[in-house]
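Dropping run_10.txt in here (compact mmCIF, C-alpha atoms):
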```
# COMPACT_ATOMS: atom_id res chain seq x y z
CA MET F 8 31.43 9.08 0.58
CA GLN F 9 28.01 7.67 1.36
CA ILE F 10 25.48 8.56 -1.33
CA ILE F 11 22.04 9.49 -0.03
CA LEU F 12 19.40 7.58 -1.93
CA THR F 13 16.94 9.72 -3.84
CA PRO F 14 14.22 8.66 -6.28
CA GLU F 15 16.23 10.16 -9.16
CA ILE F 16 19.41 8.25 -8.25
CA LEU F 17 17.50 5.00 -7.82
CA LEU F 18 15.70 5.30 -11.16
CA ALA F 19 18.98 6.04 -12.93
CA ALA F 20 20.68 3.08 -11.25
CA TYR F 21 17.99 0.59 -12.26
CA THR F 22 18.18 1.67 -15.89
CA GLN F 23 21.90 0.79 -15.79
CA GLY F 24 21.43 -2.62 -14.21
CA LEU F 25 22.23 -1.62 -10.61
CA PHE F 26 20.14 -1.97 -7.47
CA PRO F 27 20.72 -1.22 -3.75
CA MET F 28 20.98 -3.71 -0.90
CA ALA F 29 21.82 -3.04 2.74
CA GLN F 30 24.02 -5.30 4.84
CA GLY F 31 21.14 -5.64 7.30
CA LYS F 32 17.91 -4.06 8.47
CA ASP F 33 19.69 -1.75 10.92
CA SER F 34 22.59 -0.85 8.64
CA PRO F 35 22.83 2.86 7.73
CA TYR F 36 24.55 2.01 4.44
CA VAL F 37 23.58 0.43 1.15
CA ASP F 38 25.72 -1.30 -1.46
CA TRP F 39 25.15 -1.08 -5.20
CA VAL F 40 24.78 -4.57 -6.67
CA CYS F 41 25.27 -5.64 -10.28
CA PRO F 42 25.15 -9.46 -10.67
CA LYS F 43 27.12 -11.10 -13.47
CA GLU F 44 24.12 -13.38 -13.99
CA ARG F 45 20.69 -11.80 -13.65
CA GLY F 46 17.61 -13.66 -12.44
CA GLN F 47 14.57 -13.43 -14.71
CA LEU F 48 11.05 -14.82 -14.95
CA SER F 49 9.15 -15.26 -18.19
CA ILE F 50 6.00 -13.16 -18.17
CA THR F 51 4.15 -15.32 -20.69
CA LYS F 52 5.64 -18.72 -19.83
CA MET F 53 6.24 -18.61 -16.07
CA HIS F 54 5.72 -22.08 -14.65
CA ILE F 55 2.61 -22.19 -12.45
CA PRO F 56 2.11 -25.39 -10.44
CA LYS F 57 -1.23 -27.04 -11.24
CA ARG F 58 -2.60 -26.76 -7.71
CA LEU F 59 -1.75 -23.04 -7.56
CA ALA F 60 -3.22 -22.41 -11.02
CA LYS F 61 -6.49 -24.07 -9.98
CA SER F 62 -6.61 -22.11 -6.73
CA VAL F 63 -5.95 -18.77 -8.41
CA ARG F 64 -8.52 -19.36 -11.15
CA GLN F 65 -11.19 -20.22 -8.59
CA MET F 66 -10.61 -17.08 -6.52
CA LYS F 67 -13.50 -14.65 -6.47
CA LEU F 68 -13.15 -10.89 -6.66
CA LYS F 69 -13.90 -10.57 -2.97
CA GLY F 70 -14.12 -14.03 -1.54
CA GLU F 71 -12.28 -17.05 -0.30
CA PRO F 72 -9.55 -17.72 0.09
CA TYR F 73 -7.97 -14.39 -0.80
CA GLU F 74 -8.63 -10.97 -2.28
CA ILE F 75 -5.97 -9.35 -4.48
CA ARG F 76 -5.49 -5.59 -4.27
CA ILE F 77 -3.08 -3.20 -6.00
CA ASN F 78 -1.30 -0.28 -4.34
CA THR F 79 -3.65 0.04 -1.38
CA SER F 80 -1.03 -0.49 1.34
CA PHE F 81 2.43 -0.07 -0.17
CA LEU F 82 4.22 0.94 3.03
CA ARG F 83 2.82 -2.04 4.96
CA VAL F 84 3.94 -4.40 2.21
CA ILE F 85 7.53 -3.17 2.09
CA GLU F 86 7.73 -3.09 5.90
CA SER F 87 6.43 -6.67 5.99
CA CYS F 88 9.07 -7.67 3.44
CA ALA F 89 11.70 -6.03 5.64
CA ALA F 90 10.53 -7.71 8.84
CA GLU F 91 12.80 -10.37 10.31
CA THR F 92 11.12 -13.77 10.75
CA GLN F 93 12.17 -17.20 11.91
CA ALA F 94 12.39 -18.34 8.31
CA ARG F 95 14.20 -15.13 7.30
CA PRO F 96 16.31 -13.93 10.25
CA GLU F 97 18.19 -11.38 8.13
CA THR F 98 16.96 -8.80 5.67
CA TRP F 99 18.64 -6.47 3.18
CA ILE F 100 15.91 -3.80 3.37
CA ASN F 101 16.90 -0.94 5.68
CA GLN F 102 15.04 2.23 6.56
CA GLU F 103 16.64 4.25 3.77
CA ILE F 104 15.47 1.75 1.15
CA ILE F 105 11.97 1.78 2.65
CA GLU F 106 11.81 5.58 2.53
CA VAL F 107 13.08 5.97 -1.02
CA PHE F 108 10.77 3.27 -2.38
CA ASN F 109 7.85 4.84 -0.57
CA ALA F 110 8.74 8.10 -2.32
CA LEU F 111 8.89 6.25 -5.64
CA HIS F 112 5.46 4.83 -4.89
CA ASP F 113 4.12 8.35 -4.41
CA LEU F 114 5.66 9.24 -7.79
CA GLY F 115 3.94 6.28 -9.49
CA TYR F 116 7.00 4.08 -10.10
CA ALA F 117 6.92 1.62 -7.19
CA HIS F 118 3.94 -0.68 -6.78
CA SER F 119 2.57 -3.27 -4.40
CA MET F 120 0.55 -6.40 -5.11
CA GLU F 121 -1.35 -7.40 -1.99
CA CYS F 122 -3.12 -10.51 -0.75
CA TRP F 123 -5.88 -9.92 1.81
CA GLN F 124 -7.92 -12.38 3.85
CA ASN F 125 -10.85 -11.26 5.99
CA GLY F 126 -9.51 -7.71 6.02
CA GLU F 127 -5.98 -8.74 6.97
CA LEU F 128 -2.88 -8.31 4.80
CA VAL F 129 -1.48 -11.85 4.58
CA GLY F 130 0.95 -11.60 1.68
CA GLY F 131 2.36 -9.32 -0.94
CA LEU F 132 5.21 -8.16 -3.09
CA TYR F 133 6.58 -4.84 -4.22
CA GLY F 134 8.66 -3.70 -7.16
CA LEU F 135 9.58 -0.94 -9.53
CA ALA F 136 8.08 -0.34 -12.97
CA ILE F 137 10.08 1.61 -15.55
CA GLY F 138 9.03 1.50 -19.18
CA ALA F 139 8.19 -2.13 -20.01
CA ALA F 140 10.41 -3.52 -17.24
CA PHE F 141 9.25 -4.58 -13.80
CA PHE F 142 11.90 -5.09 -11.13
CA GLY F 143 10.58 -7.44 -8.45
CA GLU F 144 12.16 -6.52 -5.12
CA SER F 145 10.80 -8.71 -2.36
CA MET F 146 7.73 -10.62 -1.21
CA PHE F 147 6.29 -11.96 2.01
CA SER F 148 3.66 -14.49 2.99
CA ALA F 149 1.82 -15.06 6.26
CA GLN F 150 -0.59 -17.64 4.85
CA ARG F 151 -0.21 -20.57 2.48
CA ASP F 152 0.12 -19.56 -1.19
CA ALA F 153 -0.41 -15.85 -0.44
CA SER F 154 2.82 -14.67 -2.08
CA LYS F 155 2.43 -17.24 -4.87
CA ALA F 156 -1.04 -15.89 -5.62
CA VAL F 157 0.17 -12.30 -5.91
CA LEU F 158 3.06 -13.37 -8.14
CA THR F 159 0.61 -15.10 -10.49
CA HIS F 160 -1.57 -12.00 -10.54
CA LEU F 161 1.53 -9.91 -11.17
CA VAL F 162 2.50 -11.79 -14.34
CA ALA F 163 -1.11 -11.63 -15.54
CA ARG F 164 -1.04 -7.85 -15.06
CA LEU F 165 2.35 -7.47 -16.75
CA HIS F 166 1.21 -9.55 -19.71
CA TYR F 167 -1.97 -7.54 -20.17
CA ALA F 168 -0.08 -4.24 -19.97
CA GLY F 169 2.62 -5.32 -22.44
CA PHE F 170 5.62 -5.53 -20.12
CA GLU F 171 8.64 -7.33 -21.55
CA VAL F 172 11.03 -7.83 -18.61
CA LEU F 173 10.34 -9.32 -15.17
CA ASP F 174 13.59 -8.99 -13.25
CA THR F 175 14.10 -11.03 -10.08
CA GLN F 176 17.74 -9.94 -9.65
CA PHE F 177 18.79 -13.32 -8.26
CA VAL F 178 17.76 -16.97 -8.43
CA ASN F 179 16.57 -18.53 -5.17
CA ASP F 180 14.87 -21.73 -4.04
CA HIS F 181 11.43 -20.11 -3.81
CA LEU F 182 11.57 -18.87 -7.40
CA GLN F 183 12.85 -22.18 -8.78
CA GLN F 184 9.33 -23.59 -8.79
CA PHE F 185 8.26 -20.81 -11.17
CA GLY F 186 11.01 -21.47 -13.71
CA VAL F 187 13.37 -18.64 -12.81
CA TYR F 188 16.46 -18.49 -15.02
CA GLU F 189 19.64 -16.46 -15.39
CA VAL F 190 20.98 -14.40 -18.26
CA PRO F 191 24.46 -12.83 -18.58
CA HIS F 192 24.73 -9.18 -17.58
CA GLN F 193 25.23 -7.85 -21.12
CA GLU F 194 22.28 -9.83 -22.45
CA TYR F 195 20.16 -8.50 -19.61
CA LEU F 196 21.19 -4.90 -20.35
CA GLN F 197 20.26 -5.31 -24.02
CA SER F 198 16.77 -6.57 -23.21
CA LEU F 199 16.41 -3.91 -20.52
CA GLN F 200 17.35 -1.02 -22.81
CA THR F 201 14.79 -2.23 -25.37
CA ALA F 202 12.10 -2.46 -22.68
CA LEU F 203 12.88 1.02 -21.35
CA LEU F 204 11.94 2.54 -24.71
CA LYS F 205 8.35 1.37 -24.29
CA ARG F 206 5.72 2.88 -22.01
CA CYS F 207 3.45 0.60 -20.00
CA ALA F 208 0.86 1.38 -17.35
CA PHE F 209 0.96 -0.83 -14.27
CA ASP F 210 -2.11 0.47 -12.47
CA PHE F 211 -5.28 0.67 -14.57
CA ASP F 212 -9.04 0.37 -14.10
CA SER F 213 -9.99 -1.08 -17.49
CA ILE F 214 -10.05 -4.68 -16.21
CA ASN F 215 -10.43 -6.31 -12.80
CA GLU F 216 -8.27 -9.02 -11.26
CA LYS F 217 -10.61 -11.88 -12.17
CA GLU F 218 -10.71 -10.77 -15.79
CA LEU F 219 -6.92 -10.37 -15.82
CA ILE F 220 -6.41 -13.93 -14.61
CA ASN F 221 -8.94 -15.34 -17.08
CA ASP F 222 -7.30 -13.45 -19.93
CA TYR F 223 -3.84 -14.67 -18.87
CA PHE F 224 -4.79 -18.32 -18.63
CA ALA F 225 -6.71 -18.15 -21.90
CA MET F 226 -3.51 -16.90 -23.55
CA ARG F 227 -1.54 -19.78 -22.04
CA VAL F 228 -4.09 -22.34 -23.25
CA ALA F 229 -4.04 -20.84 -26.74
CA LYS F 230 -0.24 -21.14 -26.77
CA ASP F 231 -0.40 -24.56 -25.06
CA ILE F 232 1.80 -23.44 -22.18
```

Encoded form (structure tokens):
Amino acid sequence: MQIILTPEILLAAYTQGLFPMAQGKDSPYVDWVCPKERGQLSITKMHIPKRLAKSVRQMKLKGEPYEIRINTSFLRVIESCAAETQARPETWINQEIIEVFNALHDLGYAHSMECWQNGELVGGLYGLAIGAAFFGESMFSAQRDASKAVLTHLVARLHYAGFEVLDTQFVNDHLQQFGVYEVPHQEYLQSLQTALLKRCAFDFDSINEKELINDYFAMRVAKDI
């Protein structure tokens, strides 16, 4: 029997190490996935290429090359992640996944990090925040370094807020440059259950994106990362 995705079912699944994927964009069904090895990124020690680090640190609040925004266009971000492109002819995000994540966004669990240039959305990522765990779902980029910039801003935000887990689900070529690694399923569940006991706010007004980045890189310098 096909289970209809609801926000409650999805939240429960993620806390148990499961996540949904469709066979294709037009598929009416989703499969529940539970990898034996789980992709992870270090929040404090994620590898940031020198050129990207320099570019991100030089970004202004509202200037060139990009402007970073949070949760201002969630639906457009997830639809862009679901769009088929020449580089990505197939996608696992179907309409049911889009609708349930949009509902989770309205409930304050799903979030988007967005990269804007001259008023145009040129990159972004979306994911799910539960406790001190952030589950990165997908990202897209229409301009050079756009998705890389939002990922860097994401880890800066997660570090500031006290998140402990940044789950990528899988390891892929794009994430290799950031030092993605795998942990066994049971080890992942142990760290996840610990993180779920903590409460962290993803969206806050106490600090702006420029201050977040400066704080993050200052931490890395202090730890000689």

>> Excluding F:Gly169 and its own-chain neighbours fewer than 2 positions away, which residues fall within 10 Å of it when counting only C-alpha atoms? Please give them as a PyMOL selection string.
In response: chain F and resi 50+138-140+164-167+171-172+202+205-209

> For F:Arg45, which residue out of F:Ala225, F:Leu204, F:Leu17, F:Leu196 is the nearest one, using only C-alpha atoms?
Replying inline: F:Leu196

>> Neighbouring residues of F:Asp113 were defined as those with any atom within 12 Å, considering all atoms listed in the file; residues of the same chain fewer than 5 positions away were excluded. Please report them as a PyMOL selection string.
In response: chain F and resi 14+78-82+106-108+118-119+135

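Going from atom CA of F:Tyr116 to atom CA of F:Leu59 covers 28.6 Å.
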
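For the atom pair formed by atom CA of F:Lys43 and atom CA of F:Pro191, the distance is 6.0 Å, given to one decimal.
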
> Quick one: residues within 8 Å of F:Gly130, all atoms listed in the file counted, chain neighbours fewer than 4 positions away excluded, as a ChimeraX atom specification?
Replying inline: /F:84,121-123,146-150,153-154,157

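Residue nearest F:Leu173 within the list F:Asp212, F:Glu103, F:Glu218, F:Glu144: F:Glu144 [criterion: smallest interatomic distance, all atoms listed in the file].
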
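Relative to atom CA of F:Thr13, atom CA of F:Trp39 is found at 13.6 Å.
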
> Between F:Glu74, F:Glu216, F:Glu91, F:Glu44, which one has atoms that come closest to F:Tyr195, using all atoms listed in the file?
Replying inline: F:Glu44

Within 9 Å of F:Cys41, counting all atoms listed in the file, which residues qualify if same-chain residues fewer than 6 places away don't, as a compact mmCIF listing (two decimals) with C-alpha atoms, keeping the file's coordinate frame?
```
# COMPACT_ATOMS: atom_id res chain seq x y z
CA GLY F 24 21.43 -2.62 -14.21
CA LEU F 25 22.23 -1.62 -10.61
CA PHE F 26 20.14 -1.97 -7.47
CA GLN F 176 17.74 -9.94 -9.65
CA HIS F 192 24.73 -9.18 -17.58
```

F:Ala117 surroundings by only C-alpha atoms, 6 Å radius, close-in-sequence under 5 positions cut, as an mmCIF file with C-alpha atoms, in the frame of the given file:
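Contents of part-v6.cif, as written:
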```cif
data_model
loop_
_atom_site.group_PDB
_atom_site.id
_atom_site.type_symbol
_atom_site.label_atom_id
_atom_site.label_comp_id
_atom_site.auth_asym_id
_atom_site.auth_seq_id
_atom_site.Cartn_x
_atom_site.Cartn_y
_atom_site.Cartn_z
ATOM 1 C CA LEU F 111 8.890 6.250 -5.640
ATOM 2 C CA HIS F 112 5.460 4.830 -4.890
ATOM 3 C CA GLY F 134 8.660 -3.700 -7.160
ATOM 4 C CA LEU F 135 9.580 -0.940 -9.530
#
```
